[in-house]
Amino acid sequence: MSHIVFDKGCLCQSIYNYPTSMKFFSTPDLIEIGGIPFPCRDEKPVRWEALEYFRRVAESQRLNVRLYEEVRAIDGEEGGFTVQTAKGPYKASRVIVATGFFEKPRSLNVPGEELPKVTHYYKEPHPYVFQKILVVGSGNSAAQVALECWRHSAEVTVAIRGDGYKPGVKYWIKPDIENRVKSGEIAGYFNTTVVEIKPESVVLRRAGDETIEIDNDFVLAMTGYEPDFRFLHEIGVEIGDDPMQVPAHDPVTYETNRKGIFIAGVVCGGMETNRWFIENSRCHADVIFDAFTLL
Ligand SMILES: Cc1cc2nc3c(=O)[nH]c(=O)nc-3n(C[C@H](O)[C@H](O)[C@H](O)COP(=O)(O)OP(=O)(O)OC[C@H]3O[C@@H](n4cnc5c(N)ncnc54)[C@H](O)[C@@H]3O)c2cc1C
């Protein structure tokens, strides 16, 4: 089947953005694609092994990949779409949108969030050695970042809106972070929100409306990400008015309300960003290609 794959970033931009030393929670057999084996050194792959694997797959299967080429609009109808990218128009009879959500961090919406000391993407602990850091969020990433930085000589404070880490935090990470907070090695503020970020401090609001200001060098806002709803809206895909804002699609074929446009991967879950991951969304490709052959 003739095809073009566009990405506005590099190949596997999201995996490229993972923390540098990140290890997958999946074993390689569960994230390999196209029936091509994914050999890796240990039981679970690390980031560079996955980048290398997917690069080899793209190369050996001669995928027609156009990188650093953002898709901006999709005009026309099924059988005769015009896909407008940053570099020009392309013809397509059908389009699959797999835009993920890792490109759009969920903002804290507080003054000071634009300061250079604030980041939504964590790479490695070294820049935070001997620094006072605040980690915001209660999911896996927030817990892992807090632990890794604490183990690399950072003075770590965590701020969590609810009264604890999410139940979905991996079973080997949750007790680790909870025990570090309990012992006071990591300062934990629960039922707490960030109110303002200043160049040398942060202001937190605790339960009961008490406000405190603590010294701070860096803020790591691990508050999650969200799909690019504006892009979906612009290409005519309706967004559900439920809290999860699931893009309208047939749950069997993954075709959206706009005939000939399909969605695949994590974008299918809307704001439920932990609904789909590589393991359980690899099958979207087969389902969509089955639908193509039936059409
Ligand atoms: C730290 C971390 C660890 C993880 N570990 C695992 C694991 O062990 N096992 C597992 O199964 N899953 C894991 N995941 C989840 C996994 O990374 C995602 O499920 C997967 O990347 C989703 O694939 P996707 O193709 O739907 O979206 P993405 O991988 O996010 O790809 C979307 C792509 O679309 C591009 N794009 C967006 N808009 C446009 C546009 N307008 N034009 C052109 N290109 C565009 C982006 O640049 C991006 O490259 C992990 C995620 C993280 C963050």
# chains A, B, ... in the order shown; residues from 1 in each chain; ligands from 1

$ select_by_dssp --residues "stretch 93-283 of chain A" --states "strand (DSSP E or B)" --output "PyMOL selection string"
chain A and resi 95-97+105+118-119+132-136+155-159+187-189+193-198+201-205+211-215+218-221+225+239+247+249+255-256+261-263

$ write_last_selection --atoms "C-alpha atoms" --output "PDB file, in the first residue's frame"
ATOM      1  CA  VAL A  95      -5.641   9.413   6.632  1.00  0.00           C
ATOM      2  CA  ILE A  96      -4.665   7.930   9.994  1.00  0.00           C
ATOM      3  CA  VAL A  97      -4.077  10.446  12.776  1.00  0.00           C
ATOM      4  CA  PRO A 105       2.087  19.477  28.610  1.00  0.00           C
ATOM      5  CA  VAL A 118      10.295  25.353  35.030  1.00  0.00           C
ATOM      6  CA  THR A 119      10.152  22.252  32.830  1.00  0.00           C
ATOM      7  CA  LYS A 132      16.352  22.689  45.623  1.00  0.00           C
ATOM      8  CA  ILE A 133      13.776  21.167  43.321  1.00  0.00           C
ATOM      9  CA  LEU A 134      10.000  20.969  43.479  1.00  0.00           C
ATOM     10  CA  VAL A 135       8.368  18.007  41.703  1.00  0.00           C
ATOM     11  CA  VAL A 136       4.667  18.562  41.001  1.00  0.00           C
ATOM     12  CA  GLU A 155      17.041  18.553  47.801  1.00  0.00           C
ATOM     13  CA  VAL A 156      13.603  17.347  46.751  1.00  0.00           C
ATOM     14  CA  THR A 157      10.142  18.609  47.684  1.00  0.00           C
ATOM     15  CA  VAL A 158       6.999  17.106  46.187  1.00  0.00           C
ATOM     16  CA  ALA A 159       3.643  18.865  45.889  1.00  0.00           C
ATOM     17  CA  ALA A 187       9.680  16.777  51.786  1.00  0.00           C
ATOM     18  CA  GLY A 188       6.067  15.945  50.916  1.00  0.00           C
ATOM     19  CA  TYR A 189       3.202  18.407  50.664  1.00  0.00           C
ATOM     20  CA  THR A 193      -1.351  23.292  44.954  1.00  0.00           C
ATOM     21  CA  VAL A 194       1.265  25.581  43.440  1.00  0.00           C
ATOM     22  CA  VAL A 195       0.069  29.185  43.509  1.00  0.00           C
ATOM     23  CA  GLU A 196       3.044  31.071  42.120  1.00  0.00           C
ATOM     24  CA  ILE A 197       6.582  30.394  40.898  1.00  0.00           C
ATOM     25  CA  LYS A 198       9.175  33.078  41.595  1.00  0.00           C
ATOM     26  CA  SER A 201      11.045  30.420  45.526  1.00  0.00           C
ATOM     27  CA  VAL A 202       7.613  28.866  45.034  1.00  0.00           C
ATOM     28  CA  VAL A 203       4.357  29.665  46.791  1.00  0.00           C
ATOM     29  CA  LEU A 204       2.205  26.670  47.770  1.00  0.00           C
ATOM     30  CA  ARG A 205      -1.362  26.605  49.062  1.00  0.00           C
ATOM     31  CA  THR A 211      -0.009  29.612  52.070  1.00  0.00           C
ATOM     32  CA  ILE A 212       3.707  28.889  52.400  1.00  0.00           C
ATOM     33  CA  GLU A 213       6.719  30.048  50.409  1.00  0.00           C
ATOM     34  CA  ILE A 214       9.738  27.756  50.061  1.00  0.00           C
ATOM     35  CA  ASP A 215      13.160  28.325  48.534  1.00  0.00           C
ATOM     36  CA  PHE A 218      13.918  24.326  39.719  1.00  0.00           C
ATOM     37  CA  VAL A 219      10.316  23.201  39.209  1.00  0.00           C
ATOM     38  CA  LEU A 220       9.684  19.868  37.459  1.00  0.00           C
ATOM     39  CA  ALA A 221       6.005  19.912  36.570  1.00  0.00           C
ATOM     40  CA  TYR A 225       0.089  15.906  28.825  1.00  0.00           C
ATOM     41  CA  ILE A 239     -14.521  15.780  20.589  1.00  0.00           C
ATOM     42  CA  PRO A 247     -12.372  11.981  19.867  1.00  0.00           C
ATOM     43  CA  HIS A 249     -14.635   7.285  16.486  1.00  0.00           C
ATOM     44  CA  GLU A 255     -12.790   5.636  11.800  1.00  0.00           C
ATOM     45  CA  THR A 256     -13.730   9.075  13.092  1.00  0.00           C
ATOM     46  CA  ILE A 261     -10.001   9.768   8.688  1.00  0.00           C
ATOM     47  CA  PHE A 262      -9.013   7.219  11.347  1.00  0.00           C
ATOM     48  CA  ILE A 263      -7.333   7.638  14.734  1.00  0.00           C
TER      49      ILE A 263
END

$ residues_around --residues "A:Ser14" --least-positions-apart "4" --cutoff "9 Å" --atoms "only C-alpha atoms" --output "ChimeraX atom specification"
/A:9-10,18,100-103

$ write_last_selection --atoms "C-alpha atoms" --output "short mmCIF file (atom, residue, chain, number, x, y, z; two decimals), in the first residue's frame"
data_model
loop_
_atom_site.label_atom_id
_atom_site.label_comp_id
_atom_site.auth_asym_id
_atom_site.auth_seq_id
_atom_site.Cartn_x
_atom_site.Cartn_y
_atom_site.Cartn_z
CA GLY A 9 9.66 16.00 15.03
CA CYS A 10 12.28 13.29 14.72
CA TYR A 18 11.75 10.10 27.44
CA GLY A 100 -0.33 11.16 20.64
CA PHE A 101 -0.35 13.66 23.47
CA PHE A 102 3.26 14.03 24.57
CA GLU A 103 3.72 17.33 22.74
#

$ residues_near_ligand --ligand "ligand 1" --cutoff "8 Å" --atoms "only C-alpha atoms and all ligand atoms" --output "JSON, numbers by chain"
{"A": [6, 7, 8, 9, 10, 11, 12, 13, 14, 15, 17, 18, 19, 22, 23, 24, 25, 26, 27, 30, 31, 68, 69, 70, 71, 72, 85, 98, 99, 100, 101, 102, 103, 141, 228, 231, 264, 265, 266, 267, 274, 276, 277, 278, 279, 280, 281]}

$ write_last_selection --atoms "C-alpha atoms" --output "compact mmCIF listing (two decimals), in the first residue's frame"
# COMPACT_ATOMS: atom_id res chain seq x y z
CA PHE A 6 4.66 12.53 8.62
CA ASP A 7 6.11 13.58 11.94
CA LYS A 8 6.66 17.15 12.99
CA GLY A 9 9.66 16.00 15.03
CA CYS A 10 12.28 13.29 14.72
CA LEU A 11 11.54 9.59 14.29
CA CYS A 12 9.70 8.44 17.45
CA GLN A 13 9.78 11.94 18.89
CA SER A 14 7.97 10.86 22.09
CA ILE A 15 10.44 8.09 22.89
CA ASN A 17 11.78 12.81 24.76
CA TYR A 18 11.75 10.10 27.44
CA PRO A 19 14.21 10.52 30.33
CA MET A 22 14.47 5.40 31.14
CA LYS A 23 13.67 1.69 31.16
CA PHE A 24 10.39 0.47 29.62
CA PHE A 25 7.91 -1.24 31.92
CA SER A 26 7.03 -3.56 29.01
CA THR A 27 9.10 -6.49 27.90
CA LEU A 30 5.00 -6.60 23.97
CA ILE A 31 6.12 -3.48 22.13
CA TYR A 68 10.25 17.57 10.71
CA GLU A 69 7.17 18.03 8.56
CA GLU A 70 4.08 19.09 10.50
CA VAL A 71 0.61 18.31 9.16
CA ARG A 72 -1.43 21.52 9.33
CA THR A 85 2.00 20.03 5.62
CA ALA A 98 -1.75 9.15 15.52
CA THR A 99 -0.68 12.43 17.05
CA GLY A 100 -0.33 11.16 20.64
CA PHE A 101 -0.35 13.66 23.47
CA PHE A 102 3.26 14.03 24.57
CA GLU A 103 3.72 17.33 22.74
CA SER A 141 6.74 10.11 36.18
CA ASP A 228 -3.81 18.53 20.55
CA PHE A 231 -5.72 20.15 15.60
CA ALA A 264 -4.77 5.31 16.30
CA GLY A 265 -2.63 5.08 19.41
CA VAL A 266 -2.96 7.07 22.59
CA VAL A 267 -4.92 9.91 21.00
CA ASN A 274 -3.19 6.12 30.52
CA TRP A 276 -3.67 3.31 25.66
CA PHE A 277 0.03 2.63 25.44
CA ILE A 278 2.24 0.81 22.94
CA GLU A 279 1.41 -2.66 24.26
CA ASN A 280 -2.34 -2.39 23.87
CA SER A 281 -2.54 0.01 20.90

$ closest_residue --among "A:Glu234, A:Glu32, A:Asp286, A:Glu226" --to "A:Gly269" --atoms "only C-alpha atoms"
A:Glu226

$ closest_residue --among "A:Ala143, A:Val181, A:Leu108, A:Cys283" --to "A:Val169" --atoms "only C-alpha atoms"
A:Ala143

$ atom_distance --atom1 "atom CA of A:Gly80" --atom2 "atom CA of A:Pro251"
24.1 Å

$ closest_residue --among "A:His3, A:Arg258, A:Arg275, A:Arg230" --to "A:Leu63" --atoms "only C-alpha atoms"
A:His3

$ residues_around --residues "A:Ala154" --least-positions-apart "4" --cutoff "7 Å" --atoms "only C-alpha atoms" --output "ChimeraX atom specification"
/A:128-133,149-150

$ residues_around --residues "A:Pro28" --least-positions-apart "6" --cutoff "12 Å" --atoms "only C-alpha atoms" --output "PyMOL selection string"
chain A and resi 35-47+49-50+53-54+278-279

$ select_by_dssp --residues "stretch 71-295 of chain A" --states "alpha helix (DSSP H)" --output "MDAnalysis selection string"
chainID A and resid 140:150 174:182 229:234 278:281 283:294

$ closest_residue --among "A:Thr223, A:Tyr254, A:Gly240, A:Pro199" --to "A:His120" --atoms "only C-alpha atoms"
A:Thr223

$ atom_distance --atom1 "atom CA of A:Phe292" --atom2 "atom CA of A:Asp241"
28.4 Å

$ closest_residue --among "A:Lys117, A:Ile173, A:Gly162, A:Asp290" --to "A:Asn216" --atoms "only C-alpha atoms"
A:Lys117

$ decode --residues "stretch 99-218 of chain A" --atoms "C-alpha atoms" --output "CSV table (one decimal), in the first residue's frame"
chain,number,residue,atom,x,y,z
A,99,THR,CA,-0.7,12.4,17.1
A,100,GLY,CA,-0.3,11.2,20.6
A,101,PHE,CA,-0.3,13.7,23.5
A,102,PHE,CA,3.3,14.0,24.6
A,103,GLU,CA,3.7,17.3,22.7
A,104,LYS,CA,1.3,19.3,24.9
A,105,PRO,CA,2.1,19.5,28.6
A,106,ARG,CA,-0.8,20.2,31.0
A,107,SER,CA,-0.1,23.6,32.4
A,108,LEU,CA,-0.1,24.6,36.0
A,109,ASN,CA,-1.7,27.9,35.0
A,110,VAL,CA,0.1,29.9,37.6
A,111,PRO,CA,2.2,33.1,37.4
A,112,GLY,CA,5.9,32.3,36.8
A,113,GLU,CA,5.3,29.1,34.8
A,114,GLU,CA,7.1,30.6,31.9
A,115,LEU,CA,10.3,31.0,33.9
A,116,PRO,CA,13.3,29.0,32.4
A,117,LYS,CA,13.6,27.1,35.7
A,118,VAL,CA,10.3,25.4,35.0
A,119,THR,CA,10.2,22.3,32.8
A,120,HIS,CA,7.6,19.6,31.9
A,121,TYR,CA,10.2,17.4,30.3
A,122,TYR,CA,12.7,15.6,32.5
A,123,LYS,CA,15.9,14.1,31.0
A,124,GLU,CA,18.4,13.3,33.8
A,125,PRO,CA,19.2,14.2,37.4
A,126,HIS,CA,22.6,15.8,36.9
A,127,PRO,CA,21.4,19.4,36.3
A,128,TYR,CA,19.7,19.3,39.7
A,129,VAL,CA,22.6,18.1,41.8
A,130,PHE,CA,22.8,20.2,45.1
A,131,GLN,CA,19.7,22.1,43.9
A,132,LYS,CA,16.4,22.7,45.6
A,133,ILE,CA,13.8,21.2,43.3
A,134,LEU,CA,10.0,21.0,43.5
A,135,VAL,CA,8.4,18.0,41.7
A,136,VAL,CA,4.7,18.6,41.0
A,137,GLY,CA,2.4,15.6,40.3
A,138,SER,CA,1.3,12.3,41.7
A,139,GLY,CA,1.8,9.8,38.8
A,140,ASN,CA,4.6,7.4,37.8
A,141,SER,CA,6.7,10.1,36.2
A,142,ALA,CA,6.5,12.5,39.2
A,143,ALA,CA,7.4,9.7,41.6
A,144,GLN,CA,10.3,8.5,39.4
A,145,VAL,CA,11.7,12.0,38.9
A,146,ALA,CA,11.6,12.8,42.6
A,147,LEU,CA,13.4,9.5,43.5
A,148,GLU,CA,16.0,9.8,40.9
A,149,CYS,CA,16.9,13.4,41.7
A,150,TRP,CA,16.9,12.6,45.4
A,151,ARG,CA,19.3,9.8,44.8
A,152,HIS,CA,21.5,12.2,42.9
A,153,SER,CA,22.0,14.8,45.7
A,154,ALA,CA,19.1,17.1,44.9
A,155,GLU,CA,17.0,18.6,47.8
A,156,VAL,CA,13.6,17.3,46.8
A,157,THR,CA,10.1,18.6,47.7
A,158,VAL,CA,7.0,17.1,46.2
A,159,ALA,CA,3.6,18.9,45.9
A,160,ILE,CA,0.5,16.8,45.3
A,161,ARG,CA,-3.0,18.1,44.8
A,162,GLY,CA,-4.6,15.0,46.3
A,163,ASP,CA,-3.8,13.1,49.5
A,164,GLY,CA,-1.3,10.7,48.0
A,165,TYR,CA,0.3,9.1,45.0
A,166,LYS,CA,-2.1,7.7,42.4
A,167,PRO,CA,-3.0,4.0,42.9
A,168,GLY,CA,-1.7,3.3,39.4
A,169,VAL,CA,1.9,4.2,40.3
A,170,LYS,CA,4.0,1.0,39.6
A,171,TYR,CA,4.1,-1.4,42.5
A,172,TRP,CA,7.9,-1.2,42.9
A,173,ILE,CA,7.9,2.7,42.8
A,174,LYS,CA,5.0,3.5,45.1
A,175,PRO,CA,6.4,2.2,48.4
A,176,ASP,CA,9.8,3.6,47.6
A,177,ILE,CA,8.5,7.2,47.2
A,178,GLU,CA,6.1,6.9,50.1
A,179,ASN,CA,8.8,5.7,52.4
A,180,ARG,CA,11.1,8.5,51.4
A,181,VAL,CA,8.4,11.0,52.1
A,182,LYS,CA,7.4,9.3,55.4
A,183,SER,CA,11.0,9.4,56.6
A,184,GLY,CA,11.3,13.1,55.6
A,185,GLU,CA,14.2,12.5,53.2
A,186,ILE,CA,11.9,13.9,50.6
A,187,ALA,CA,9.7,16.8,51.8
A,188,GLY,CA,6.1,15.9,50.9
A,189,TYR,CA,3.2,18.4,50.7
A,190,PHE,CA,-0.1,16.7,50.1
A,191,ASN,CA,-3.5,18.4,49.4
A,192,THR,CA,-1.3,21.2,48.1
A,193,THR,CA,-1.4,23.3,45.0
A,194,VAL,CA,1.3,25.6,43.4
A,195,VAL,CA,0.1,29.2,43.5
A,196,GLU,CA,3.0,31.1,42.1
A,197,ILE,CA,6.6,30.4,40.9
A,198,LYS,CA,9.2,33.1,41.6
A,199,PRO,CA,12.8,33.1,40.4
A,200,GLU,CA,14.1,31.9,43.8
A,201,SER,CA,11.0,30.4,45.5
A,202,VAL,CA,7.6,28.9,45.0
A,203,VAL,CA,4.4,29.7,46.8
A,204,LEU,CA,2.2,26.7,47.8
A,205,ARG,CA,-1.4,26.6,49.1
A,206,ARG,CA,-2.1,23.8,51.5
A,207,ALA,CA,-5.4,22.4,52.8
A,208,GLY,CA,-7.2,25.0,54.9
A,209,ASP,CA,-6.0,27.8,52.6
A,210,GLU,CA,-2.6,28.1,54.4
A,211,THR,CA,0.0,29.6,52.1
A,212,ILE,CA,3.7,28.9,52.4
A,213,GLU,CA,6.7,30.0,50.4
A,214,ILE,CA,9.7,27.8,50.1
A,215,ASP,CA,13.2,28.3,48.5
A,216,ASN,CA,13.4,26.8,45.1
A,217,ASP,CA,15.9,26.5,42.2
A,218,PHE,CA,13.9,24.3,39.7
